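Colleague: Sharing start.cif below, mmCIF, N, CA and C atoms:
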```cif
data_target
#
loop_
_atom_site.label_atom_id
_atom_site.label_comp_id
_atom_site.auth_asym_id
_atom_site.auth_seq_id
_atom_site.Cartn_x
_atom_site.Cartn_y
_atom_site.Cartn_z
N MET A 1 -170.09 185.04 87.98
CA MET A 1 -170.04 185.76 86.73
C MET A 1 -168.73 185.48 85.99
N ARG A 2 -167.66 185.37 86.76
CA ARG A 2 -166.35 185.11 86.17
C ARG A 2 -166.33 183.77 85.44
N ALA A 3 -167.00 182.77 86.02
CA ALA A 3 -167.05 181.45 85.40
C ALA A 3 -167.82 181.51 84.08
N LYS A 4 -168.89 182.30 84.03
CA LYS A 4 -169.67 182.43 82.80
C LYS A 4 -168.84 183.08 81.70
N ILE A 5 -168.09 184.10 82.07
CA ILE A 5 -167.24 184.78 81.08
C ILE A 5 -166.16 183.83 80.59
N SER A 6 -165.55 183.08 81.50
CA SER A 6 -164.52 182.11 81.09
C SER A 6 -165.10 181.06 80.16
N TYR A 7 -166.29 180.58 80.50
CA TYR A 7 -166.94 179.57 79.65
C TYR A 7 -167.25 180.14 78.27
N ALA A 8 -167.76 181.36 78.22
CA ALA A 8 -168.10 181.99 76.94
C ALA A 8 -166.85 182.19 76.09
N VAL A 9 -165.77 182.64 76.70
CA VAL A 9 -164.53 182.86 75.95
C VAL A 9 -164.00 181.53 75.43
N THR A 10 -164.00 180.51 76.28
CA THR A 10 -163.53 179.19 75.87
C THR A 10 -164.39 178.65 74.73
N ALA A 11 -165.69 178.79 74.85
CA ALA A 11 -166.60 178.31 73.80
C ALA A 11 -166.35 179.06 72.50
N ALA A 12 -166.14 180.36 72.57
CA ALA A 12 -165.87 181.14 71.36
C ALA A 12 -164.56 180.71 70.69
N VAL A 13 -163.55 180.46 71.49
CA VAL A 13 -162.27 179.99 70.94
C VAL A 13 -162.46 178.63 70.29
N LEU A 14 -163.22 177.75 70.94
CA LEU A 14 -163.48 176.44 70.34
C LEU A 14 -164.25 176.55 69.03
N VAL A 15 -165.25 177.40 68.98
CA VAL A 15 -166.02 177.58 67.74
C VAL A 15 -165.10 178.11 66.63
N PHE A 16 -164.23 179.06 66.96
CA PHE A 16 -163.26 179.56 65.98
C PHE A 16 -162.38 178.42 65.49
N TYR A 17 -161.91 177.59 66.40
CA TYR A 17 -161.08 176.44 66.04
C TYR A 17 -161.86 175.48 65.14
N PHE A 18 -163.12 175.22 65.48
CA PHE A 18 -163.93 174.30 64.67
C PHE A 18 -164.10 174.84 63.25
N VAL A 19 -164.32 176.14 63.12
CA VAL A 19 -164.46 176.75 61.80
C VAL A 19 -163.15 176.65 61.03
N LEU A 20 -162.04 176.92 61.70
CA LEU A 20 -160.73 176.85 61.06
C LEU A 20 -160.43 175.44 60.58
N VAL A 21 -160.63 174.46 61.44
CA VAL A 21 -160.37 173.07 61.08
C VAL A 21 -161.34 172.63 59.97
N GLY A 22 -162.60 173.02 60.10
CA GLY A 22 -163.59 172.67 59.07
C GLY A 22 -163.21 173.23 57.70
N SER A 23 -162.72 174.47 57.68
CA SER A 23 -162.33 175.06 56.39
C SER A 23 -161.14 174.31 55.79
N ARG A 24 -160.24 173.86 56.64
CA ARG A 24 -159.09 173.06 56.15
C ARG A 24 -159.57 171.72 55.60
N GLY A 25 -160.56 171.14 56.25
CA GLY A 25 -161.13 169.89 55.75
C GLY A 25 -161.78 170.07 54.39
N VAL A 26 -162.51 171.17 54.23
CA VAL A 26 -163.14 171.46 52.94
C VAL A 26 -162.08 171.69 51.87
N MET A 27 -161.02 172.39 52.21
CA MET A 27 -159.93 172.62 51.26
C MET A 27 -159.30 171.30 50.81
N LEU A 28 -159.12 170.39 51.76
CA LEU A 28 -158.56 169.09 51.40
C LEU A 28 -159.50 168.33 50.46
N ILE A 29 -160.79 168.39 50.74
CA ILE A 29 -161.76 167.70 49.89
C ILE A 29 -161.77 168.31 48.49
N GLN A 30 -161.66 169.62 48.41
CA GLN A 30 -161.68 170.30 47.11
C GLN A 30 -160.45 169.98 46.27
N SER A 31 -159.38 169.52 46.89
CA SER A 31 -158.19 169.14 46.13
C SER A 31 -158.50 168.00 45.17
N GLY A 32 -159.37 167.11 45.58
CA GLY A 32 -159.90 166.11 44.67
C GLY A 32 -159.18 164.78 44.57
N THR A 33 -158.03 164.62 45.17
CA THR A 33 -157.38 163.31 45.09
C THR A 33 -157.95 162.40 46.18
N LEU A 34 -157.81 161.12 45.98
CA LEU A 34 -158.35 160.16 46.92
C LEU A 34 -157.79 160.38 48.33
N LEU A 35 -156.51 160.62 48.42
CA LEU A 35 -155.86 160.81 49.72
C LEU A 35 -156.36 162.09 50.41
N THR A 36 -156.41 163.20 49.67
CA THR A 36 -156.82 164.45 50.32
C THR A 36 -158.31 164.44 50.67
N VAL A 37 -159.13 163.80 49.85
CA VAL A 37 -160.55 163.70 50.17
C VAL A 37 -160.73 162.87 51.44
N THR A 38 -159.99 161.77 51.54
CA THR A 38 -160.07 160.93 52.74
C THR A 38 -159.65 161.71 53.97
N PHE A 39 -158.53 162.42 53.86
CA PHE A 39 -158.08 163.24 55.00
C PHE A 39 -159.07 164.36 55.29
N GLY A 40 -159.63 164.96 54.25
CA GLY A 40 -160.59 166.04 54.44
C GLY A 40 -161.82 165.58 55.21
N VAL A 41 -162.33 164.41 54.86
CA VAL A 41 -163.49 163.87 55.57
C VAL A 41 -163.12 163.58 57.03
N ALA A 42 -161.93 163.00 57.23
CA ALA A 42 -161.48 162.70 58.60
C ALA A 42 -161.33 163.99 59.41
N VAL A 43 -160.81 165.04 58.79
CA VAL A 43 -160.63 166.32 59.48
C VAL A 43 -161.99 166.94 59.80
N LEU A 44 -162.99 166.77 58.93
CA LEU A 44 -164.32 167.33 59.18
C LEU A 44 -165.04 166.63 60.33
N ILE A 45 -164.68 165.41 60.62
CA ILE A 45 -165.32 164.67 61.71
C ILE A 45 -164.97 165.30 63.06
N LEU A 46 -163.74 165.78 63.20
CA LEU A 46 -163.31 166.36 64.48
C LEU A 46 -164.16 167.56 64.91
N PRO A 47 -164.41 168.54 64.06
CA PRO A 47 -165.26 169.65 64.49
C PRO A 47 -166.69 169.22 64.79
N VAL A 48 -167.19 168.24 64.05
CA VAL A 48 -168.56 167.77 64.31
C VAL A 48 -168.64 167.19 65.72
N ILE A 49 -167.68 166.37 66.08
CA ILE A 49 -167.64 165.80 67.43
C ILE A 49 -167.48 166.92 68.47
N GLY A 50 -166.61 167.87 68.18
CA GLY A 50 -166.39 168.98 69.10
C GLY A 50 -167.62 169.83 69.31
N VAL A 51 -168.33 170.13 68.23
CA VAL A 51 -169.56 170.93 68.34
C VAL A 51 -170.60 170.18 69.16
N TRP A 52 -170.74 168.87 68.90
CA TRP A 52 -171.69 168.06 69.67
C TRP A 52 -171.33 168.09 71.15
N PHE A 53 -170.05 167.89 71.48
CA PHE A 53 -169.60 167.89 72.86
C PHE A 53 -169.84 169.25 73.53
N LEU A 54 -169.52 170.32 72.83
CA LEU A 54 -169.73 171.67 73.37
C LEU A 54 -171.22 171.92 73.61
N TRP A 55 -172.07 171.50 72.67
CA TRP A 55 -173.51 171.68 72.81
C TRP A 55 -174.04 170.90 74.01
N GLN A 56 -173.62 169.65 74.17
CA GLN A 56 -174.08 168.83 75.30
C GLN A 56 -173.68 169.46 76.63
N ASN A 57 -172.45 169.94 76.72
CA ASN A 57 -172.00 170.56 77.96
C ASN A 57 -172.71 171.87 78.24
N THR A 58 -172.96 172.65 77.20
CA THR A 58 -173.68 173.91 77.38
C THR A 58 -175.10 173.66 77.86
N ARG A 59 -175.77 172.67 77.28
CA ARG A 59 -177.12 172.31 77.74
C ARG A 59 -177.11 171.84 79.19
N PHE A 60 -176.12 171.02 79.54
CA PHE A 60 -176.02 170.52 80.91
C PHE A 60 -175.86 171.67 81.90
N VAL A 61 -174.96 172.58 81.61
CA VAL A 61 -174.72 173.72 82.50
C VAL A 61 -175.97 174.59 82.61
N HIS A 62 -176.63 174.82 81.49
CA HIS A 62 -177.85 175.64 81.50
C HIS A 62 -178.93 175.00 82.37
N LYS A 63 -179.13 173.69 82.20
CA LYS A 63 -180.16 173.01 82.98
C LYS A 63 -179.80 172.97 84.46
N ALA A 64 -178.53 172.75 84.78
CA ALA A 64 -178.11 172.75 86.18
C ALA A 64 -178.30 174.12 86.80
N ASN A 65 -178.03 175.17 86.05
CA ASN A 65 -178.25 176.53 86.55
C ASN A 65 -179.73 176.81 86.76
N GLN A 66 -180.59 176.28 85.90
CA GLN A 66 -182.03 176.43 86.08
C GLN A 66 -182.49 175.76 87.38
N LEU A 67 -181.96 174.55 87.63
CA LEU A 67 -182.31 173.86 88.87
C LEU A 67 -181.83 174.66 90.08
N ALA A 68 -180.63 175.19 90.00
CA ALA A 68 -180.09 175.99 91.11
C ALA A 68 -180.97 177.21 91.37
N ALA A 69 -181.40 177.87 90.31
CA ALA A 69 -182.25 179.05 90.48
C ALA A 69 -183.60 178.67 91.10
N GLU A 70 -184.16 177.56 90.65
CA GLU A 70 -185.44 177.11 91.21
C GLU A 70 -185.29 176.73 92.68
N LEU A 71 -184.21 176.01 92.98
CA LEU A 71 -183.96 175.61 94.37
C LEU A 71 -183.69 176.82 95.25
N ASP A 72 -183.00 177.81 94.69
CA ASP A 72 -182.73 179.04 95.44
C ASP A 72 -184.04 179.78 95.73
N ALA A 73 -184.93 179.82 94.76
CA ALA A 73 -186.23 180.48 94.96
C ALA A 73 -187.04 179.79 96.05
N GLU A 74 -186.87 178.48 96.17
CA GLU A 74 -187.57 177.71 97.21
C GLU A 74 -186.87 177.79 98.55
N GLY A 75 -185.65 178.34 98.57
CA GLY A 75 -184.87 178.39 99.80
C GLY A 75 -184.23 177.05 100.13
N GLY A 76 -184.01 176.21 99.13
CA GLY A 76 -183.49 174.87 99.36
C GLY A 76 -182.05 174.63 98.94
N LEU A 77 -181.35 175.69 98.55
CA LEU A 77 -179.94 175.49 98.18
C LEU A 77 -179.15 175.06 99.42
N PRO A 78 -178.19 174.17 99.22
CA PRO A 78 -177.40 173.75 100.38
C PRO A 78 -176.57 174.91 100.93
N VAL A 79 -176.55 175.01 102.24
CA VAL A 79 -175.78 176.05 102.91
C VAL A 79 -174.32 175.61 102.94
N ASP A 80 -173.42 176.55 102.66
CA ASP A 80 -171.99 176.22 102.71
C ASP A 80 -171.55 176.15 104.16
N GLU A 81 -171.44 174.94 104.66
CA GLU A 81 -171.05 174.73 106.05
C GLU A 81 -169.70 174.02 106.14
N LEU A 82 -168.93 174.11 105.08
CA LEU A 82 -167.66 173.40 105.01
C LEU A 82 -166.54 174.18 105.69
N VAL A 83 -165.69 173.43 106.36
CA VAL A 83 -164.50 174.01 106.97
C VAL A 83 -163.46 174.15 105.85
N ARG A 84 -162.78 175.28 105.88
CA ARG A 84 -161.76 175.53 104.85
C ARG A 84 -160.40 175.76 105.49
N THR A 85 -159.38 175.40 104.74
CA THR A 85 -158.02 175.64 105.18
C THR A 85 -157.72 177.13 105.03
N PRO A 86 -156.63 177.62 105.61
CA PRO A 86 -156.29 179.05 105.45
C PRO A 86 -156.14 179.47 103.99
N SER A 87 -155.78 178.53 103.11
CA SER A 87 -155.63 178.86 101.70
C SER A 87 -156.98 178.86 100.96
N GLY A 88 -158.05 178.41 101.63
CA GLY A 88 -159.37 178.43 101.03
C GLY A 88 -159.84 177.08 100.51
N ARG A 89 -158.99 176.07 100.58
CA ARG A 89 -159.40 174.74 100.12
C ARG A 89 -160.34 174.11 101.13
N ILE A 90 -161.24 173.28 100.62
CA ILE A 90 -162.21 172.61 101.48
C ILE A 90 -161.50 171.49 102.24
N ASP A 91 -161.76 171.45 103.55
CA ASP A 91 -161.21 170.40 104.40
C ASP A 91 -161.87 169.07 104.03
N ARG A 92 -161.07 168.07 103.80
CA ARG A 92 -161.55 166.76 103.33
C ARG A 92 -162.53 166.12 104.32
N ASP A 93 -162.20 166.15 105.61
CA ASP A 93 -163.09 165.54 106.61
C ASP A 93 -164.44 166.26 106.67
N SER A 94 -164.41 167.57 106.52
CA SER A 94 -165.65 168.35 106.52
C SER A 94 -166.50 167.99 105.30
N ALA A 95 -165.86 167.85 104.15
CA ALA A 95 -166.59 167.48 102.93
C ALA A 95 -167.18 166.09 103.06
N ASP A 96 -166.42 165.18 103.66
CA ASP A 96 -166.92 163.81 103.85
C ASP A 96 -168.12 163.78 104.79
N GLU A 97 -168.09 164.59 105.83
CA GLU A 97 -169.20 164.65 106.78
C GLU A 97 -170.48 165.17 106.11
N VAL A 98 -170.35 166.24 105.35
CA VAL A 98 -171.50 166.80 104.64
C VAL A 98 -171.98 165.80 103.58
N PHE A 99 -171.05 165.15 102.91
CA PHE A 99 -171.42 164.17 101.90
C PHE A 99 -172.25 163.04 102.50
N ALA A 100 -171.85 162.55 103.67
CA ALA A 100 -172.58 161.46 104.32
C ALA A 100 -174.03 161.87 104.61
N ARG A 101 -174.22 163.10 105.04
CA ARG A 101 -175.59 163.59 105.29
C ARG A 101 -176.40 163.70 104.00
N ARG A 102 -175.77 164.22 102.96
CA ARG A 102 -176.46 164.38 101.68
C ARG A 102 -176.81 163.01 101.08
N LYS A 103 -175.92 162.06 101.24
CA LYS A 103 -176.17 160.72 100.71
C LYS A 103 -177.34 160.08 101.45
N ALA A 104 -177.38 160.23 102.76
CA ALA A 104 -178.50 159.69 103.54
C ALA A 104 -179.81 160.36 103.14
N GLU A 105 -179.76 161.66 102.90
CA GLU A 105 -180.96 162.40 102.47
C GLU A 105 -181.45 161.88 101.12
N THR A 106 -180.52 161.60 100.22
CA THR A 106 -180.89 161.10 98.89
C THR A 106 -181.42 159.67 98.96
N GLU A 107 -180.83 158.86 99.82
CA GLU A 107 -181.31 157.48 99.97
C GLU A 107 -182.71 157.46 100.57
N ALA A 108 -183.03 158.45 101.40
CA ALA A 108 -184.37 158.53 102.00
C ALA A 108 -185.42 159.01 101.00
N ALA A 109 -184.99 159.79 100.01
CA ALA A 109 -185.93 160.32 99.00
C ALA A 109 -185.29 160.19 97.61
N PRO A 110 -185.19 158.96 97.08
CA PRO A 110 -184.48 158.77 95.81
C PRO A 110 -185.18 159.37 94.59
N GLY A 111 -186.42 159.73 94.71
CA GLY A 111 -187.14 160.32 93.58
C GLY A 111 -187.21 161.83 93.60
N ASP A 112 -186.54 162.46 94.55
CA ASP A 112 -186.58 163.91 94.70
C ASP A 112 -185.37 164.54 94.02
N TRP A 113 -185.61 165.35 93.01
CA TRP A 113 -184.50 165.96 92.29
C TRP A 113 -183.70 166.89 93.19
N ARG A 114 -184.35 167.48 94.21
CA ARG A 114 -183.66 168.42 95.10
C ARG A 114 -182.55 167.72 95.89
N SER A 115 -182.84 166.52 96.37
CA SER A 115 -181.82 165.79 97.13
C SER A 115 -180.67 165.37 96.22
N TRP A 116 -180.98 165.02 94.96
CA TRP A 116 -179.92 164.66 94.02
C TRP A 116 -179.07 165.89 93.67
N PHE A 117 -179.70 167.05 93.58
CA PHE A 117 -178.94 168.28 93.33
C PHE A 117 -177.96 168.53 94.47
N ARG A 118 -178.47 168.43 95.70
CA ARG A 118 -177.61 168.67 96.86
C ARG A 118 -176.51 167.61 96.95
N LEU A 119 -176.83 166.36 96.57
CA LEU A 119 -175.80 165.32 96.56
C LEU A 119 -174.73 165.64 95.52
N ALA A 120 -175.14 166.15 94.37
CA ALA A 120 -174.17 166.53 93.34
C ALA A 120 -173.22 167.60 93.86
N VAL A 121 -173.75 168.57 94.59
CA VAL A 121 -172.91 169.61 95.18
C VAL A 121 -171.93 169.00 96.19
N ALA A 122 -172.42 168.04 96.98
CA ALA A 122 -171.55 167.38 97.96
C ALA A 122 -170.46 166.57 97.26
N TYR A 123 -170.80 165.88 96.18
CA TYR A 123 -169.78 165.16 95.42
C TYR A 123 -168.73 166.14 94.89
N HIS A 124 -169.20 167.27 94.37
CA HIS A 124 -168.27 168.27 93.85
C HIS A 124 -167.34 168.79 94.95
N ASP A 125 -167.92 169.05 96.11
CA ASP A 125 -167.10 169.54 97.23
C ASP A 125 -166.09 168.50 97.68
N ALA A 126 -166.45 167.21 97.52
CA ALA A 126 -165.53 166.13 97.89
C ALA A 126 -164.56 165.81 96.77
N ARG A 127 -164.57 166.62 95.72
CA ARG A 127 -163.67 166.49 94.56
C ARG A 127 -163.88 165.21 93.77
N ASP A 128 -165.14 164.79 93.68
CA ASP A 128 -165.48 163.62 92.88
C ASP A 128 -166.36 164.09 91.72
N THR A 129 -165.71 164.69 90.74
CA THR A 129 -166.42 165.32 89.63
C THR A 129 -167.26 164.35 88.80
N PRO A 130 -166.76 163.16 88.45
CA PRO A 130 -167.61 162.26 87.65
C PRO A 130 -168.92 161.90 88.34
N ARG A 131 -168.87 161.62 89.63
CA ARG A 131 -170.09 161.29 90.36
C ARG A 131 -170.97 162.52 90.55
N ALA A 132 -170.35 163.68 90.70
CA ALA A 132 -171.13 164.91 90.81
C ALA A 132 -171.92 165.14 89.53
N ARG A 133 -171.28 164.90 88.40
CA ARG A 133 -171.97 165.08 87.11
C ARG A 133 -173.12 164.08 86.96
N LYS A 134 -172.89 162.83 87.33
CA LYS A 134 -173.95 161.82 87.23
C LYS A 134 -175.12 162.15 88.15
N ALA A 135 -174.81 162.61 89.36
CA ALA A 135 -175.88 162.98 90.28
C ALA A 135 -176.67 164.17 89.75
N MET A 136 -175.98 165.13 89.13
CA MET A 136 -176.67 166.29 88.57
C MET A 136 -177.51 165.87 87.36
N GLN A 137 -177.00 164.95 86.55
CA GLN A 137 -177.78 164.45 85.42
C GLN A 137 -179.05 163.75 85.91
N ARG A 138 -178.94 163.03 87.01
CA ARG A 138 -180.11 162.37 87.59
C ARG A 138 -181.11 163.41 88.11
N ALA A 139 -180.59 164.46 88.75
CA ALA A 139 -181.47 165.54 89.24
C ALA A 139 -182.21 166.19 88.07
N ILE A 140 -181.50 166.43 86.98
CA ILE A 140 -182.11 167.05 85.81
C ILE A 140 -183.19 166.14 85.23
N ALA A 141 -182.87 164.86 85.11
CA ALA A 141 -183.85 163.90 84.56
C ALA A 141 -185.09 163.82 85.44
N LEU A 142 -184.90 163.77 86.75
CA LEU A 142 -186.05 163.71 87.66
C LEU A 142 -186.88 164.99 87.57
N HIS A 143 -186.21 166.12 87.47
CA HIS A 143 -186.91 167.40 87.36
C HIS A 143 -187.73 167.47 86.09
N GLU A 144 -187.22 166.91 85.00
CA GLU A 144 -187.92 166.91 83.73
C GLU A 144 -188.97 165.81 83.62
N GLY A 145 -189.05 164.96 84.65
CA GLY A 145 -190.03 163.89 84.64
C GLY A 145 -189.62 162.69 83.84
N ARG A 146 -188.34 162.60 83.50
CA ARG A 146 -187.83 161.47 82.75
C ARG A 146 -187.31 160.41 83.72
N GLN A 147 -187.25 159.19 83.26
CA GLN A 147 -186.66 158.11 84.06
C GLN A 147 -185.15 158.25 83.93
N PRO A 148 -184.45 158.50 85.05
CA PRO A 148 -183.00 158.68 84.96
C PRO A 148 -182.30 157.39 84.58
N ALA A 149 -181.21 157.54 83.85
CA ALA A 149 -180.38 156.39 83.50
C ALA A 149 -179.69 155.87 84.75
N THR A 150 -179.57 154.58 84.84
CA THR A 150 -178.92 154.01 86.04
C THR A 150 -177.49 153.72 85.82
#
```
As structure tokens, what does this structure read like?

Modeller:
Amino acid sequence: MRAKISYAVTAAVLVFYFVLVGSRGVMLIQSGTLLTVTFGVAVLILPVIGVWFLWQNTRFVHKANQLAAELDAEGGLPVDELVRTPSGRIDRDSADEVFARRKAETEAAPGDWRSWFRLAVAYHDARDTPRARKAMQRAIALHEGRQPAT
């Protein structure tokens, strides 16, 4: 729940920033000189890119949460079997061991979104966020019946 609140607050701050920057861009365009209009258009591009990025990430998180809920209902969520240090950090060797099992499971069933979801969790636990995201995107695509990007 704390993560959802943090995400919502961050998104709200970003939307406020986009509105503020967008209004400055409009003000520059309204000035009417060639230089200010050029700067105004350039300034308006930033919020557009930001809104697109925020929307893509929000959709990704929503879809990943839907998969987690469905997998939880099936009783297929990965069990947290990781060894942790006294400070609570995941032990690297433990994460690597679980990752090896998840990778073998995914290689045995490459078309199963459930195995890709569990692999994404293993990548995340091993602190490999880019690969975790790609694995989750593949799980989402497989769940939706789309051909995942390679």

Colleague: Report, in Å with one decimal, the straight-line distance from atom C of Asp128 (chain A) to atom C of Trp52 (chain A).

Modeller: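 Between atom C of Asp128 (chain A) and atom C of Trp52 (chain A) the gap works out to 21.5 Å.
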
Colleague: Go ahead and compute the interatomic distance for atom C of His62 (chain A) and atom N of Val79 (chain A), in Å to one decimal.

Modeller: 20.0 Å

Colleague: What is the atom N of Pro78 (chain A)-CA of Arg118 (chain A) distance in Å, reported with one decimal?

Modeller: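 Spanning atom N of Pro78 (chain A) to CA of Arg118 (chain A) is a straight-line distance of 6.0 Å.
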
Colleague: With DSSP run on the backbone, what are the helix (DSSP H, G or I) residues within region 22-133 of chain A? I'd like them as a ChimeraX atom specification.

Modeller: /A:22-31,34-74,92-108,113-125,129-133

Colleague: Within 6 Å of Met136 (chain A), counting all atoms listed in the file, which residues show up once you throw out same-chain ones fewer than 6 positions away? Write them as a list in words, please.

Modeller: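 Contacts, in chain order: Trp116, Phe117 and Ala120 of chain A.
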
Colleague: Return the single residue from A:Ala139, A:Pro130, A:Ile90, A:Leu71 that is closest to Ala109 (chain A), with distances computed using only C-alpha atoms.

Modeller: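 Ranked by minimum distance to Ala109 (chain A), first place goes to A:Ala139.
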
Colleague: Considering only C-alpha atoms, state which residue in the set A:Glu81, A:Asp112, A:Glu70, A:Glu97 is at the smallest distance from Ala126 (chain A).

Modeller: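 Comparing A:Glu81, A:Asp112, A:Glu70, A:Glu97 against Ala126 (chain A), the winner is A:Glu97.
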
Colleague: Quick one: residues within 6 Å of Leu28 (chain A), only C-alpha atoms counted, chain neighbours fewer than 5 positions away excluded, as a PDB file with N, CA and C atoms, keeping the file's coordinate frame?

Modeller:
```pdb
ATOM      1  N   THR A  36    -156.410 163.200  49.670  1.00  0.00           N
ATOM      2  CA  THR A  36    -156.820 164.450  50.320  1.00  0.00           C
ATOM      3  C   THR A  36    -158.310 164.440  50.670  1.00  0.00           C
ATOM      4  N   VAL A  37    -159.130 163.800  49.850  1.00  0.00           N
ATOM      5  CA  VAL A  37    -160.550 163.700  50.170  1.00  0.00           C
ATOM      6  C   VAL A  37    -160.730 162.870  51.440  1.00  0.00           C
ATOM      7  N   GLY A  40    -159.630 164.960  54.250  1.00  0.00           N
ATOM      8  CA  GLY A  40    -160.590 166.040  54.440  1.00  0.00           C
ATOM      9  C   GLY A  40    -161.820 165.580  55.210  1.00  0.00           C
TER      10      GLY A  40
END
```
